[in-house]
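Next comes start-v7.txt, with compact mmCIF, C-alpha atoms.
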```
# COMPACT_ATOMS: atom_id res chain seq x y z
CA MET A 19 0.00 0.00 0.00
CA ASN A 20 1.46 3.39 -1.01
CA LYS A 21 0.70 6.20 1.45
CA PHE A 22 0.64 9.92 0.76
CA ASN A 23 0.22 12.70 3.28
CA LEU A 24 -2.68 15.01 2.70
CA ASP A 25 -3.09 18.43 4.19
CA ALA A 26 -6.78 19.26 4.17
CA ASP A 27 -5.99 22.55 5.93
CA LYS A 28 -4.77 23.87 2.56
CA GLY A 29 -8.43 23.94 1.56
CA ILE A 30 -7.80 21.68 -1.43
CA ILE A 31 -6.30 18.20 -1.88
CA LEU A 32 -3.49 18.38 -4.39
CA CYS A 33 -1.63 15.79 -6.41
CA LYS A 34 0.77 15.63 -9.34
CA ALA A 35 -0.12 13.88 -12.57
CA LYS A 36 2.24 13.04 -15.41
CA LEU A 37 0.71 12.94 -18.89
CA THR A 38 2.77 11.26 -21.60
CA ASN A 39 2.24 10.89 -25.33
CA LYS A 40 5.12 9.45 -27.37
CA LYS A 41 8.22 11.42 -26.31
CA SER A 42 6.39 14.37 -24.74
CA SER A 43 5.37 14.59 -21.12
CA VAL A 44 3.99 17.27 -18.86
CA ILE A 45 3.46 17.22 -15.12
CA LEU A 46 0.47 19.06 -13.71
CA LYS A 47 -0.89 19.95 -10.31
CA LEU A 48 -4.44 18.64 -10.04
CA ALA A 49 -7.11 18.87 -7.36
CA VAL A 50 -8.43 15.55 -6.10
CA ASP A 51 -12.17 15.88 -6.67
CA THR A 52 -14.40 13.03 -5.57
CA GLY A 53 -17.36 15.04 -6.84
CA ALA A 54 -16.06 15.01 -10.42
CA SER A 55 -17.19 12.02 -12.43
CA ALA A 56 -14.17 12.24 -14.68
CA THR A 57 -10.65 13.59 -14.78
CA MET A 58 -10.09 16.95 -16.43
CA VAL A 59 -6.95 18.64 -17.73
CA SER A 60 -6.30 21.99 -19.36
CA ILE A 61 -6.47 22.31 -23.14
CA GLU A 62 -2.92 23.65 -23.17
CA ALA A 63 -1.57 20.60 -21.32
CA ALA A 64 -3.13 18.30 -23.92
CA MET A 65 -1.68 20.37 -26.75
CA ALA A 66 1.75 20.35 -25.12
CA ILE A 67 1.91 16.57 -25.49
CA GLY A 68 0.73 16.72 -29.08
CA ILE A 69 -2.98 16.07 -28.63
CA ASN A 70 -5.25 18.71 -30.13
CA PRO A 71 -8.60 18.65 -28.30
CA SER A 72 -10.31 20.61 -31.10
CA ARG A 73 -9.78 17.56 -33.35
CA SER A 74 -11.59 15.29 -30.92
CA ILE A 75 -14.75 13.79 -32.38
CA HIS A 76 -16.14 13.12 -28.93
CA SER A 77 -17.33 15.74 -26.54
CA VAL A 78 -19.59 15.83 -23.58
CA GLU A 79 -21.82 18.44 -22.03
CA VAL A 80 -20.49 19.16 -18.62
CA SER A 81 -22.09 21.10 -15.83
CA THR A 82 -19.61 23.23 -13.97
CA ALA A 83 -20.06 25.66 -11.14
CA SER A 84 -20.26 28.44 -13.74
CA GLY A 85 -22.71 26.79 -16.14
CA MET A 86 -22.78 24.25 -18.95
CA ILE A 87 -19.81 23.73 -21.26
CA LEU A 88 -19.16 21.39 -24.17
CA ALA A 89 -15.84 19.74 -23.34
CA PRO A 90 -13.84 17.65 -25.82
CA ILE A 91 -12.88 14.17 -24.67
CA ILE A 92 -9.40 12.87 -25.40
CA LYS A 93 -7.40 9.79 -24.50
CA ILE A 94 -4.13 10.22 -22.65
CA PRO A 95 -1.83 7.35 -23.71
CA SER A 96 -0.14 7.30 -20.30
CA PHE A 97 -1.60 9.03 -17.25
CA LYS A 98 0.30 8.62 -14.01
CA CYS A 99 -0.69 9.84 -10.57
CA PHE A 100 0.13 8.61 -7.04
CA GLY A 101 2.56 6.21 -8.72
CA VAL A 102 -0.27 4.49 -10.59
CA GLU A 103 -0.10 4.49 -14.37
CA VAL A 104 -3.29 4.20 -16.36
CA LYS A 105 -3.09 3.67 -20.10
CA ASN A 106 -5.51 5.47 -22.38
CA LEU A 107 -7.34 7.35 -19.67
CA GLN A 108 -10.20 9.37 -21.11
CA VAL A 109 -10.27 12.94 -19.84
CA PHE A 110 -12.24 16.12 -20.42
CA CYS A 111 -10.37 19.13 -21.69
CA HIS A 112 -11.23 22.42 -20.09
CA THR A 113 -9.04 25.26 -18.93
CA LEU A 114 -9.94 26.51 -15.48
CA PRO A 115 -9.88 30.26 -14.80
CA PRO A 116 -6.38 31.70 -14.18
CA GLN A 117 -7.25 32.29 -10.53
CA SER A 118 -7.34 28.55 -10.05
CA PRO A 119 -4.14 27.18 -8.49
CA VAL A 120 -4.53 23.84 -10.32
CA GLU A 121 -4.43 22.65 -13.92
CA GLY A 122 -7.32 20.28 -13.65
CA LEU A 123 -9.16 17.72 -11.58
CA LEU A 124 -8.44 14.13 -10.67
CA GLY A 125 -11.90 12.62 -10.94
CA LEU A 126 -13.69 9.43 -10.15
CA ASN A 127 -12.74 7.57 -13.34
CA PHE A 128 -9.16 7.51 -12.04
CA LEU A 129 -9.86 7.37 -8.31
CA LYS A 130 -12.24 4.42 -8.54
CA ASP A 131 -9.99 2.34 -10.71
CA ALA A 132 -6.87 3.10 -8.69
CA LYS A 133 -8.92 2.19 -5.59
CA VAL A 134 -7.85 5.36 -3.82
CA ILE A 135 -8.68 5.56 -0.11
CA ILE A 136 -8.88 9.06 1.40
CA ASP A 137 -8.61 8.86 5.18
CA PHE A 138 -9.21 12.26 6.78
CA SER A 139 -8.91 10.88 10.32
CA ARG A 140 -5.27 9.98 9.60
CA ASN A 141 -4.68 12.69 6.95
CA ILE A 142 -3.45 10.18 4.40
CA ILE A 143 -4.31 8.91 0.95
CA GLU A 144 -3.71 5.21 0.45
CA ILE A 145 -3.26 3.51 -2.88
CA PRO A 146 -3.12 -0.27 -3.20
CA HIS A 147 -0.11 -1.73 -4.94
CA LYS A 148 0.35 -0.63 -8.49
CA ILE A 149 -2.26 -1.34 -11.10
CA TRP A 150 -0.27 -1.01 -14.28
CA GLY A 151 -1.55 -0.66 -17.80
CA ARG A 152 -5.27 -0.38 -17.10
CA SER A 153 -7.55 1.32 -19.57
CA VAL A 154 -10.17 3.46 -17.90
CA TYR A 155 -13.24 4.84 -19.63
CA PHE A 156 -16.22 6.79 -18.44
CA MET B 2 17.50 23.10 -8.10
CA ASN B 3 15.01 21.64 -5.66
CA ILE B 4 11.38 22.23 -6.73
CA ALA B 5 10.41 23.38 -3.24
CA SER B 6 13.20 26.00 -3.30
CA ILE B 7 12.05 27.32 -6.68
CA LYS B 8 8.47 27.59 -5.41
CA LYS B 9 9.64 29.43 -2.31
CA ARG B 10 11.73 31.86 -4.36
CA TYR B 11 8.93 32.77 -6.78
CA ASN B 12 6.05 33.09 -4.38
CA ARG B 13 2.58 33.42 -5.94
CA GLU B 14 3.85 32.97 -9.47
CA TRP B 15 3.30 30.43 -12.22
CA LEU B 16 6.37 28.34 -13.00
CA LEU B 17 7.54 26.25 -15.94
CA ILE B 18 10.23 23.81 -14.88
CA ALA B 19 12.19 21.16 -16.80
CA VAL B 20 12.24 18.34 -14.27
CA ASP B 21 15.50 16.39 -14.12
CA LYS B 22 14.78 14.20 -11.10
CA MET B 23 11.45 12.60 -10.38
CA ASN B 24 10.21 10.00 -7.92
CA GLU B 25 8.24 7.84 -10.34
CA ALA B 26 6.94 5.64 -7.52
CA THR B 27 4.95 8.57 -6.14
CA THR B 28 4.76 10.78 -9.27
CA THR B 29 6.59 13.55 -7.43
CA PRO B 30 9.01 15.93 -9.17
CA ILE B 31 12.10 16.45 -7.00
CA SER B 32 14.35 18.89 -8.83
CA GLY B 33 14.65 20.72 -12.12
CA LYS B 34 15.64 23.82 -14.03
CA LEU B 35 13.38 26.85 -14.10
CA ILE B 36 12.45 27.76 -17.68
CA VAL B 37 10.19 30.73 -17.00
CA HIS B 38 8.20 32.31 -14.18
CA SER B 39 5.36 34.80 -14.32
CA PRO B 40 2.39 35.99 -12.31
CA ARG B 41 0.33 35.41 -15.48
CA ARG B 42 -0.52 31.83 -16.43
CA ASP B 43 -0.85 32.76 -20.11
CA ASP B 44 2.90 33.52 -20.25
CA ILE B 45 3.62 30.02 -18.98
CA TYR B 46 1.26 28.38 -21.50
CA ARG B 47 2.78 30.40 -24.36
CA LYS B 48 6.27 29.26 -23.44
CA LEU B 49 5.15 25.67 -22.86
CA LEU B 50 3.63 25.40 -26.33
CA SER B 51 6.70 26.95 -27.95
CA LEU B 52 9.16 24.44 -26.47
CA ARG B 53 10.59 22.02 -29.04
CA LYS B 54 11.42 19.28 -26.57
CA LYS B 55 8.73 18.68 -24.00
CA ARG B 56 9.98 15.99 -21.65
CA ASN B 57 8.94 16.09 -17.99
CA ILE B 58 7.88 19.72 -18.09
CA LEU B 59 6.21 20.81 -14.88
CA VAL B 60 3.51 23.50 -14.89
CA GLU B 61 3.05 24.70 -11.35
CA TYR B 62 1.61 27.55 -9.35
CA SER B 63 4.05 28.22 -6.52
CA GLU B 64 1.42 28.52 -3.80
CA ASP B 65 -0.38 25.38 -2.62
CA LYS B 66 -2.48 26.97 0.05
CA LEU B 67 -5.54 28.98 -0.87
CA SER B 68 -5.42 32.66 0.04
CA LYS B 69 -7.28 33.63 3.17
CA GLY B 70 -10.90 34.39 2.36
CA PHE B 71 -10.88 32.30 -0.84
CA ALA B 72 -12.61 29.01 -1.44
CA VAL B 73 -12.84 26.79 -4.51
CA ALA B 74 -15.72 24.63 -5.62
CA PHE B 75 -15.22 22.20 -8.48
CA TYR B 76 -17.96 20.08 -9.82
CA MET B 77 -17.86 18.17 -13.08
CA GLY B 78 -20.79 15.94 -13.83
CA HIS B 79 -22.19 14.67 -17.11
```

Turn this file's structure into structure tokens for me.
Amino acid sequence: MNKFNLDADKGIILCKAKLTNKKSSVILKLAVDTGASATMVSIEAAMAIGINPSRSIHSVEVSTASGMILAPIIKIPSFKCFGVEVKNLQVFCHTLPPQSPVEGLLGLNFLKDAKVIIDFSRNIIEIPHKIWGRSVYF
Amino acid sequence: MNIASIKKRYNREWLLIAVDKMNEATTTPISGKLIVHSPRRDDIYRKLLSLRKKRNILVEYSEDKLSKGFAVAFYMGH
């Protein structure tokens, strides 16, 4: 079991995610969001690894705190967070306002499959031993 | 340079860092070289997209704690 400290006093639970496509990779700060059905990354992060969200043929209507948006869906060939790598994770692309301190959200499609346990009484996040090469869809 | 030191030095700024050491077991960047820093995120995105080699490039806001009086609410459902 991998354990990570969490500091809920920061007002937000943060994590790092590494997105890789071929030889390009970016590392982003995401907010762990158990209320988000899917993972979301910024449009610019997708473009930085050579994936153009505007070419996506799939999109989904998403309700956000500020209203409805139509967000393109893309597949990230390798998505790694908390030491768990998921192949071909489907994510929404949407750029949060610049006031946001994060580049996206780590949503339930990753959290469920990685079997993430958030334990506020001990201030830790626990991840079972690595689940490599899973494909996760929503 | 240690990532924590870079974040401390450029308080409340957006950073673009070429990571040279990473703990893959926890997906945690350890150290790297600062490429650009700015209070404006757009500057960071512009530089990120102009880089020819994009390997382990960290996009990071230097502050992890929310400012006093601020709260965030994310909700993404479909």

Between CA of Ile91 (chain A) and CA of Ser60 (chain A), what is the distance, to one decimal in Å?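 Atom-to-atom, CA of Ile91 (chain A) and CA of Ser60 (chain A) are spaced 11.5 Å apart.
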
So that I can check the surroundings of Leu35 (chain B), please list as a count of residues only every protein, DNA and RNA residue that reaches within 9 Å of it, counting only C-alpha atoms and ignoring chain neighbours fewer than 4 positions away. 8

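Proximity of A:Pro95, A:Gly101, A:Pro115, A:Gly85 to chain B, computed with all atoms listed in the file, is greatest for A:Gly101.
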
Looking at all atoms listed in the file, which of B:Ile31, B:Ala5, B:Ile36, B:Ala26 is the one that sits closest to chain A? B:Ala26

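If all atoms listed in the file are the atoms counted, then among A:Pro146, A:Pro119, A:Gly29, A:Gly68 the closest residue to Ser42 (chain A) is A:Gly68.
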
Gap from CA of Ala54 (chain A) to CA of His112 (chain A) - Å, one decimal: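 Pair CA of Ala54 (chain A) / CA of His112 (chain A) returns 13.1 Å.
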
Compare B:Ser63, B:Asn24, B:Ser39, B:Ser51 by their minimum atom-to-atom distance to Lys8 (chain B), counting all atoms listed in the file, and give me the closest one.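 Closest residue, counting all atoms listed in the file: B:Ser63.
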
Go through chain A and flag each residue having an atom no more than 6 Å from chain B; for those, report the closest pair of atoms plus their distance in Å to one decimal, using all atoms listed in the file, ordered by chain and rising number, as CSV.
```
residue,atom,partner,partner_atom,distance
A:Lys28,CA,B:Lys66,CA,4.6
A:Ser42,CA,B:Lys55,CA,5.0
A:Ser43,CA,B:Arg56,CA,4.8
A:Val44,CA,B:Ile58,CA,4.7
A:Ile45,CA,B:Leu59,CA,4.5
A:Leu46,CA,B:Val60,CA,5.5
A:Gly53,CA,B:Tyr76,CA,5.9
A:Ala54,CA,B:Met77,CA,4.5
A:Ser55,CA,B:Gly78,CA,5.5
A:Ala66,CA,B:Leu50,CA,5.5
A:Val80,CA,B:His79,CA,5.0
A:Ser81,CA,B:Gly78,CA,5.7
A:Thr82,CA,B:Met77,CA,5.4
A:Cys99,CA,B:Thr28,CA,5.7
A:Phe100,CA,B:Thr27,CA,4.9
A:Gly101,CA,B:Thr27,CA,4.2
A:Pro119,CA,B:Tyr62,CA,5.8
```

Restricting it to C-alpha atoms, dump the selection as a PDB file, in the coordinates of the input.
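Now in result29.pdb:
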```
ATOM      1  CA  LYS A  28      -4.770  23.870   2.560  1.00  0.00           C
ATOM      2  CA  SER A  42       6.390  14.370 -24.740  1.00  0.00           C
ATOM      3  CA  SER A  43       5.370  14.590 -21.120  1.00  0.00           C
ATOM      4  CA  VAL A  44       3.990  17.270 -18.860  1.00  0.00           C
ATOM      5  CA  ILE A  45       3.460  17.220 -15.120  1.00  0.00           C
ATOM      6  CA  LEU A  46       0.470  19.060 -13.710  1.00  0.00           C
ATOM      7  CA  GLY A  53     -17.360  15.040  -6.840  1.00  0.00           C
ATOM      8  CA  ALA A  54     -16.060  15.010 -10.420  1.00  0.00           C
ATOM      9  CA  SER A  55     -17.190  12.020 -12.430  1.00  0.00           C
ATOM     10  CA  ALA A  66       1.750  20.350 -25.120  1.00  0.00           C
ATOM     11  CA  VAL A  80     -20.490  19.160 -18.620  1.00  0.00           C
ATOM     12  CA  SER A  81     -22.090  21.100 -15.830  1.00  0.00           C
ATOM     13  CA  THR A  82     -19.610  23.230 -13.970  1.00  0.00           C
ATOM     14  CA  CYS A  99      -0.690   9.840 -10.570  1.00  0.00           C
ATOM     15  CA  PHE A 100       0.130   8.610  -7.040  1.00  0.00           C
ATOM     16  CA  GLY A 101       2.560   6.210  -8.720  1.00  0.00           C
ATOM     17  CA  PRO A 119      -4.140  27.180  -8.490  1.00  0.00           C
TER      18      PRO A 119
END
```
